[in-house]
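Coordinates as given in model_23.cif (mmCIF, C-alpha atoms):
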data_final
loop_
_atom_site.group_PDB
_atom_site.id
_atom_site.type_symbol
_atom_site.label_atom_id
_atom_site.label_comp_id
_atom_site.auth_asym_id
_atom_site.auth_seq_id
_atom_site.Cartn_x
_atom_site.Cartn_y
_atom_site.Cartn_z
ATOM 1 C CA MET X 6 27.316 23.886 31.956
ATOM 2 C CA LYS X 7 24.424 22.594 29.879
ATOM 3 C CA THR X 8 21.792 20.164 31.098
ATOM 4 C CA ASN X 9 19.251 18.343 28.993
ATOM 5 C CA LEU X 10 15.537 18.259 29.802
ATOM 6 C CA GLU X 11 15.483 14.547 30.649
ATOM 7 C CA ASN X 12 18.284 14.984 33.200
ATOM 8 C CA LEU X 13 16.508 18.033 34.609
ATOM 9 C CA ALA X 14 13.275 16.021 34.999
ATOM 10 C CA LYS X 15 15.116 13.163 36.721
ATOM 11 C CA PHE X 16 16.808 15.628 39.060
ATOM 12 C CA LEU X 17 13.473 17.284 39.914
ATOM 13 C CA VAL X 18 11.956 13.925 40.828
ATOM 14 C CA LYS X 19 14.859 13.095 43.155
ATOM 15 C CA ALA X 20 14.826 16.570 44.698
ATOM 16 C CA LYS X 21 11.078 16.641 45.322
ATOM 17 C CA LYS X 22 11.097 13.144 46.850
ATOM 18 C CA ALA X 23 13.984 14.152 49.142
ATOM 19 C CA THR X 24 12.444 17.436 50.329
ATOM 20 C CA TYR X 25 8.772 18.300 50.979
ATOM 21 C CA ALA X 26 7.438 14.864 49.997
ATOM 22 C CA SER X 27 9.892 13.169 52.359
ATOM 23 C CA SER X 28 8.878 12.300 55.917
ATOM 24 C CA ASP X 29 12.354 13.213 57.154
ATOM 25 C CA SER X 30 13.084 16.371 55.147
ATOM 26 C CA LYS X 31 15.039 18.997 57.010
ATOM 27 C CA LYS X 32 14.423 22.713 56.713
ATOM 28 C CA VAL X 33 17.468 24.877 56.061
ATOM 29 C CA LYS X 34 18.231 28.455 57.052
ATOM 30 C CA PRO X 35 15.898 30.535 54.865
ATOM 31 C CA GLU X 36 17.195 33.073 52.379
ATOM 32 C CA ARG X 37 14.102 35.193 53.219
ATOM 33 C CA PRO X 38 12.664 35.886 56.682
ATOM 34 C CA TYR X 39 9.680 33.800 57.869
ATOM 35 C CA HIS X 40 9.955 31.356 54.956
ATOM 36 C CA LYS X 41 10.351 27.614 55.276
ATOM 37 C CA GLU X 42 12.995 26.328 52.900
ATOM 38 C CA LEU X 43 14.237 22.927 51.782
ATOM 39 C CA GLU X 44 17.189 22.128 49.564
ATOM 40 C CA PHE X 45 18.744 19.302 47.594
ATOM 41 C CA LEU X 46 22.080 19.163 45.786
ATOM 42 C CA GLU X 47 23.263 16.503 43.377
ATOM 43 C CA GLY X 48 26.159 16.886 41.004
ATOM 44 C CA LYS X 49 26.005 20.308 39.390
ATOM 45 C CA LEU X 50 22.319 20.952 40.125
ATOM 46 C CA TYR X 51 20.873 22.614 43.226
ATOM 47 C CA TYR X 52 17.143 22.621 44.164
ATOM 48 C CA ARG X 53 15.471 24.953 46.638
ATOM 49 C CA ASP X 54 11.815 24.995 47.705
ATOM 50 C CA SER X 55 10.869 28.180 49.554
ATOM 51 C CA TYR X 56 7.380 28.840 50.918
ATOM 52 C CA VAL X 57 5.580 31.000 53.440
ATOM 53 C CA GLY X 58 2.306 30.243 55.225
ATOM 54 C CA SER X 59 0.584 27.000 56.116
ATOM 55 C CA LEU X 60 -3.227 27.072 55.895
ATOM 56 C CA LYS X 61 -2.705 29.292 52.873
ATOM 57 C CA ALA X 62 0.784 29.204 51.400
ATOM 58 C CA VAL X 63 2.715 30.690 48.512
ATOM 59 C CA GLY X 64 6.034 29.329 47.344
ATOM 60 C CA MET X 65 8.626 28.852 44.676
ATOM 61 C CA GLU X 66 10.842 25.967 43.635
ATOM 62 C CA GLU X 67 14.073 26.655 41.780
ATOM 63 C CA VAL X 68 16.814 24.645 40.117
ATOM 64 C CA ARG X 69 20.152 26.435 39.978
ATOM 65 C CA LEU X 70 23.391 25.468 38.285
ATOM 66 C CA SER X 71 26.359 24.489 40.457
ATOM 67 C CA ASP X 72 25.186 25.520 43.941
ATOM 68 C CA LYS X 73 22.838 27.847 45.807
ATOM 69 C CA ASN X 74 24.617 30.876 44.348
ATOM 70 C CA GLY X 75 24.400 29.657 40.751
ATOM 71 C CA PRO X 76 22.023 30.982 38.099
ATOM 72 C CA THR X 77 18.426 29.730 38.145
ATOM 73 C CA ILE X 78 17.597 27.574 35.114
ATOM 74 C CA TRP X 79 14.104 26.321 36.058
ATOM 75 C CA ALA X 80 11.430 27.577 38.443
ATOM 76 C CA MET X 81 7.874 26.876 39.545
ATOM 77 C CA VAL X 82 5.619 29.124 41.626
ATOM 78 C CA TYR X 83 2.625 27.835 43.560
ATOM 79 C CA SER X 84 -0.195 29.111 45.740
ATOM 80 C CA GLY X 85 -2.765 27.044 47.590
ATOM 81 C CA SER X 86 -4.742 26.459 50.739
ATOM 82 C CA ILE X 87 -6.881 24.265 52.882
ATOM 83 C CA LEU X 88 -10.397 25.435 52.015
ATOM 84 C CA PRO X 89 -11.849 27.771 54.681
ATOM 85 C CA ASN X 90 -14.517 25.361 56.049
ATOM 86 C CA TYR X 91 -11.731 22.858 56.829
ATOM 87 C CA GLN X 92 -9.262 25.221 58.457
ATOM 88 C CA PRO X 93 -8.758 24.129 62.062
ATOM 89 C CA ASN X 94 -9.683 25.985 65.161
ATOM 90 C CA ILE X 95 -6.826 26.607 67.589
ATOM 91 C CA ILE X 96 -8.111 24.165 70.250
ATOM 92 C CA ASN X 97 -8.047 21.089 67.983
ATOM 93 C CA PHE X 98 -5.024 22.170 65.936
ATOM 94 C CA SER X 99 -2.995 18.968 66.362
ATOM 95 C CA ARG X 100 -5.890 16.721 65.349
ATOM 96 C CA SER X 101 -7.174 18.914 62.568
ATOM 97 C CA ILE X 102 -7.926 17.820 59.056
ATOM 98 C CA MET X 103 -5.062 20.128 58.074
ATOM 99 C CA ASN X 104 -2.438 17.705 59.362
ATOM 100 C CA VAL X 105 -4.095 14.715 57.707
ATOM 101 C CA THR X 106 -4.474 16.660 54.453
ATOM 102 C CA PHE X 107 -0.818 17.724 54.361
ATOM 103 C CA ASN X 108 0.344 14.186 55.162
ATOM 104 C CA PHE X 109 -1.787 12.901 52.289
ATOM 105 C CA LEU X 110 -0.429 15.668 50.034
ATOM 106 C CA LYS X 111 3.141 14.574 50.829
ATOM 107 C CA GLU X 112 2.151 10.994 50.023
ATOM 108 C CA ALA X 113 0.740 12.075 46.634
ATOM 109 C CA LEU X 114 3.723 14.307 45.872
ATOM 110 C CA SER X 115 6.103 11.427 46.553
ATOM 111 C CA GLU X 116 4.593 9.807 43.430
ATOM 112 C CA VAL X 117 5.993 12.573 41.171
ATOM 113 C CA SER X 118 7.209 11.207 37.828
ATOM 114 C CA VAL X 119 9.820 12.072 35.220
ATOM 115 C CA THR X 120 7.047 12.595 32.647
ATOM 116 C CA MET X 121 5.280 15.109 34.940
ATOM 117 C CA PRO X 122 7.953 16.476 37.305
ATOM 118 C CA PHE X 123 5.796 19.310 38.640
ATOM 119 C CA ARG X 124 3.619 18.040 41.495
ATOM 120 C CA GLY X 125 2.021 14.599 41.992
ATOM 121 C CA PRO X 126 0.429 12.181 39.499
ATOM 122 C CA SER X 127 -2.772 12.950 37.598
ATOM 123 C CA VAL X 128 -4.728 10.873 40.140
ATOM 124 C CA TYR X 129 -3.681 9.344 43.442
ATOM 125 C CA ALA X 130 -6.118 7.681 45.832
ATOM 126 C CA ARG X 131 -5.947 6.092 49.222
ATOM 127 C CA GLY X 132 -8.681 3.612 50.186
ATOM 128 C CA ASN X 133 -9.976 5.658 53.121
ATOM 129 C CA GLY X 134 -11.730 8.399 51.131
ATOM 130 C CA TRP X 135 -8.740 10.544 50.117
ATOM 131 C CA VAL X 136 -8.197 11.412 46.424
ATOM 132 C CA TYR X 137 -5.616 13.738 44.846
ATOM 133 C CA PHE X 138 -5.960 15.204 41.333
ATOM 134 C CA SER X 139 -3.400 17.192 39.339
ATOM 135 C CA GLU X 140 -4.118 18.675 35.911
ATOM 136 C CA THR X 141 -1.182 20.126 33.970
ATOM 137 C CA GLU X 142 -0.963 21.910 30.622
ATOM 138 C CA GLY X 143 2.411 22.120 28.911
ATOM 139 C CA ASN X 144 5.756 20.494 29.568
ATOM 140 C CA ILE X 145 8.898 21.047 31.623
ATOM 141 C CA THR X 146 9.830 24.119 29.546
ATOM 142 C CA LYS X 147 6.523 25.955 30.200
ATOM 143 C CA PHE X 148 3.538 24.697 32.167
ATOM 144 C CA LYS X 149 0.634 25.563 34.411
ATOM 145 C CA GLY X 150 -1.655 23.423 36.468
ATOM 146 C CA THR X 151 -3.918 22.915 39.413
ATOM 147 C CA GLU X 152 -4.170 20.266 42.092
ATOM 148 C CA LYS X 153 -7.082 19.349 44.330
ATOM 149 C CA ILE X 154 -7.557 17.045 47.280
ATOM 150 C CA PHE X 155 -10.918 15.533 48.132
ATOM 151 C CA TYR X 156 -11.934 13.722 51.294
ATOM 152 C CA ASN X 157 -15.125 11.641 51.018
ATOM 153 C CA SER X 158 -15.979 13.482 47.769
ATOM 154 C CA GLU X 159 -15.652 16.944 49.359
ATOM 155 C CA ARG X 160 -12.868 19.252 48.241
ATOM 156 C CA VAL X 161 -10.609 20.187 51.165
ATOM 157 C CA PHE X 162 -7.512 21.603 49.428
ATOM 158 C CA GLY X 163 -6.551 23.375 46.219
ATOM 159 C CA LEU X 164 -3.353 24.740 44.692
ATOM 160 C CA ASP X 165 -2.345 26.411 41.422
ATOM 161 C CA TYR X 166 1.160 26.200 39.950
ATOM 162 C CA ALA X 167 3.072 27.456 36.920
ATOM 163 C CA GLY X 168 6.646 27.557 35.724
ATOM 164 C CA GLY X 169 9.274 26.418 33.277
ATOM 165 C CA LEU X 170 12.759 27.122 32.058
ATOM 166 C CA VAL X 171 14.380 30.422 32.964
ATOM 167 C CA VAL X 172 16.308 32.201 30.215
ATOM 168 C CA GLU X 173 18.200 35.355 31.092
ATOM 169 C CA LYS X 174 18.235 38.263 28.631
ATOM 170 C CA TRP X 175 22.031 38.142 28.395
ATOM 171 C CA LYS X 176 21.835 34.494 27.326
ATOM 172 C CA LEU X 177 19.530 35.429 24.449
ATOM 173 C CA LYS X 178 21.954 38.166 23.400
ATOM 174 C CA ASN X 179 24.891 35.723 23.560
ATOM 175 C CA ASN X 180 22.951 33.201 21.454
ATOM 176 C CA GLU X 181 22.141 35.901 18.864
ATOM 177 C CA ASN X 182 25.817 36.895 18.711
ATOM 178 C CA GLN X 183 26.858 33.271 18.300
ATOM 179 C CA GLU X 184 24.307 32.762 15.522
ATOM 180 C CA GLU X 185 25.417 35.988 13.778
ATOM 181 C CA GLY X 186 29.018 34.867 14.046
ATOM 182 C CA MET X 187 28.174 31.522 12.529
ATOM 183 C CA GLU X 188 26.198 33.138 9.680
ATOM 184 C CA SER X 189 29.061 35.480 8.811
ATOM 185 C CA ARG X 190 31.446 32.529 8.568
ATOM 186 C CA GLN X 191 29.309 30.710 6.009
#
Show me, as structure tokens, the structure contained in the file I just sent.
Amino acid sequence: MKTNLENLAKFLVKAKKATYASSDSKKVKPERPYHKELEFLEGKLYYRDSYVGSLKAVGMEEVRLSDKNGPTIWAMVYSGSILPNYQPNIINFSRSIMNVTFNFLKEALSEVSVTMPFRGPSVYARGNGWVYFSETEGNITKFKGTEKIFYNSERVFGLDYAGGLVVEKWKLKNNENQEEGMESRQ
């Protein structure tokens, strides 16, 4: 099955809005121990977001063909954290800036667009001192970027991300064989 880049971008937007950026996303049984994982399936495309950690987290998003056992066609890795001076102490955990920051991050990520289907928009602000920035180089086929969250002009969160299309070695070999076959016919 082939998918074009515009359809892939539209799928990513739907998947991201339905998973981490959603207020009612549901975690699924993780493929790896201690990870938190979210999934979305529509048509012949399957999305999985898998991450470990909270104050500092590392994760990977994947789009697979057909279902969760299908081949991966697109992936993005990310790593980020609440900056150390804003990490909560155990006593005030529930009221910490961490919870407010992650709620704001979800709000910003829910604004993901088809033109930039990686994280949130270039800039997203809420009137009470919260501002989100995302800078991306590249496009859906190959990209890298960074996002930052500021509260009252002080940086409280940062994350780096990179990814793009996944092409298996065997696919390249098949394409070469197809091209050779076409050349020999001409």
Test item: the PyMOL selection byres ((chain X and resi 112-124) around 6) resolved as an NGL selection string: :X and (14-15 or 18 or 22 or 26 or 109-111 or 125-126)
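The neighbours of Tyr91 of chain X here are the residues that come within 10 Å of it, using only C-alpha atoms and leaving out any residue fewer than 6 positions away in the same chain; they are X:Leu60, X:Ser101, X:Ile102, X:Met103, X:Thr106, X:Arg160, X:Val161, X:Phe162.
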Q | Counting all atoms listed in the file, the residue of X:Ser30, X:Ser71, X:Ser59, X:Thr146 that sits nearest Ser84 of chain X | A |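 Using all atoms listed in the file, Ser84 of chain X sits closest to X:Ser59.
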Quiz item: For Arg37 of chain X, which residue out of X:Phe138, X:Tyr25, X:Tyr56, X:Phe107 is the nearest one, using only C-alpha atoms?
Solution: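 Nearest to Arg37 of chain X: X:Tyr56.
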- [ ] For each of X:Leu50, X:Ile78, X:Leu88, X:Ala23, take the minimum atom-to-atom distance to Ala62 of chain X, counting only C-alpha atoms, then give the residue where this is smallest.
- [x]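 The closest residue to Ala62 of chain X is X:Leu88.
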As an exercise, work out the distance from atom CA of Gly58 of chain X to atom CA of Val172 of chain X in Å and give it to one decimal place.
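Atom-to-atom, atom CA of Gly58 of chain X and atom CA of Val172 of chain X are spaced 28.7 Å apart.
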For this structure, which residues satisfy the selection - the PyMOL selection byres ((chain X and resi 155) around 10) - when it is evaluated on the file as given? I want them as a list in words.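 Those residues are Thr106, Ala130, Gly134, Trp135, Val136, Tyr137, Phe138, Lys153, Ile154, Tyr156, Asn157, Ser158, Glu159, Arg160, Val161, Phe162 and Gly163 of chain X.
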Convert the current residue selection to file output with C-alpha atoms, as an mmCIF file, in the frame of the given file.
data_model
loop_
_atom_site.group_PDB
_atom_site.id
_atom_site.type_symbol
_atom_site.label_atom_id
_atom_site.label_comp_id
_atom_site.auth_asym_id
_atom_site.auth_seq_id
_atom_site.Cartn_x
_atom_site.Cartn_y
_atom_site.Cartn_z
ATOM 1 C CA THR X 106 -4.474 16.660 54.453
ATOM 2 C CA ALA X 130 -6.118 7.681 45.832
ATOM 3 C CA GLY X 134 -11.730 8.399 51.131
ATOM 4 C CA TRP X 135 -8.740 10.544 50.117
ATOM 5 C CA VAL X 136 -8.197 11.412 46.424
ATOM 6 C CA TYR X 137 -5.616 13.738 44.846
ATOM 7 C CA PHE X 138 -5.960 15.204 41.333
ATOM 8 C CA LYS X 153 -7.082 19.349 44.330
ATOM 9 C CA ILE X 154 -7.557 17.045 47.280
ATOM 10 C CA TYR X 156 -11.934 13.722 51.294
ATOM 11 C CA ASN X 157 -15.125 11.641 51.018
ATOM 12 C CA SER X 158 -15.979 13.482 47.769
ATOM 13 C CA GLU X 159 -15.652 16.944 49.359
ATOM 14 C CA ARG X 160 -12.868 19.252 48.241
ATOM 15 C CA VAL X 161 -10.609 20.187 51.165
ATOM 16 C CA PHE X 162 -7.512 21.603 49.428
ATOM 17 C CA GLY X 163 -6.551 23.375 46.219
#
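Here atom CA of Arg69 of chain X and atom CA of Arg53 of chain X stand 8.3 Å from one another.
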Given the file shown, determine the residues that the PyMOL selection byres ((chain X and resi 35) around 12) selects; report them as an mmCIF file with C-alpha atoms, keeping the file's coordinate frame.
data_model
loop_
_atom_site.group_PDB
_atom_site.id
_atom_site.type_symbol
_atom_site.label_atom_id
_atom_site.label_comp_id
_atom_site.auth_asym_id
_atom_site.auth_seq_id
_atom_site.Cartn_x
_atom_site.Cartn_y
_atom_site.Cartn_z
ATOM 1 C CA LYS X 31 15.039 18.997 57.010
ATOM 2 C CA LYS X 32 14.423 22.713 56.713
ATOM 3 C CA VAL X 33 17.468 24.877 56.061
ATOM 4 C CA LYS X 34 18.231 28.455 57.052
ATOM 5 C CA GLU X 36 17.195 33.073 52.379
ATOM 6 C CA ARG X 37 14.102 35.193 53.219
ATOM 7 C CA PRO X 38 12.664 35.886 56.682
ATOM 8 C CA TYR X 39 9.680 33.800 57.869
ATOM 9 C CA HIS X 40 9.955 31.356 54.956
ATOM 10 C CA LYS X 41 10.351 27.614 55.276
ATOM 11 C CA GLU X 42 12.995 26.328 52.900
ATOM 12 C CA LEU X 43 14.237 22.927 51.782
ATOM 13 C CA GLU X 44 17.189 22.128 49.564
ATOM 14 C CA ARG X 53 15.471 24.953 46.638
ATOM 15 C CA ASP X 54 11.815 24.995 47.705
ATOM 16 C CA SER X 55 10.869 28.180 49.554
ATOM 17 C CA TYR X 56 7.380 28.840 50.918
ATOM 18 C CA VAL X 57 5.580 31.000 53.440
ATOM 19 C CA LYS X 73 22.838 27.847 45.807
#
What separates atom CA of Thr77 of chain X and atom CA of Thr141 of chain X is a distance of 22.2 Å
Among X:Val82, X:Leu13, X:Ile87, X:Leu164, Leu70 of chain X is approached most closely, using all atoms listed in the file, by X:Leu13
| message | I'd like the contact shell of Met81 of chain X - 8 Å cut-off, all atoms listed in the file, skipping same-chain residues fewer than 6 positions apart - returned as a VMD selection string. | response | chain X and resid 65 to 67 123 166 to 169
I need the residue nearest Thr151 of chain X from this list: X:Ser139, X:Asn74, X:Asn104, X:Ser86. Use all atoms listed in the file for the distance.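 That would be X:Ser139, the residue with the smallest distance to Thr151 of chain X.
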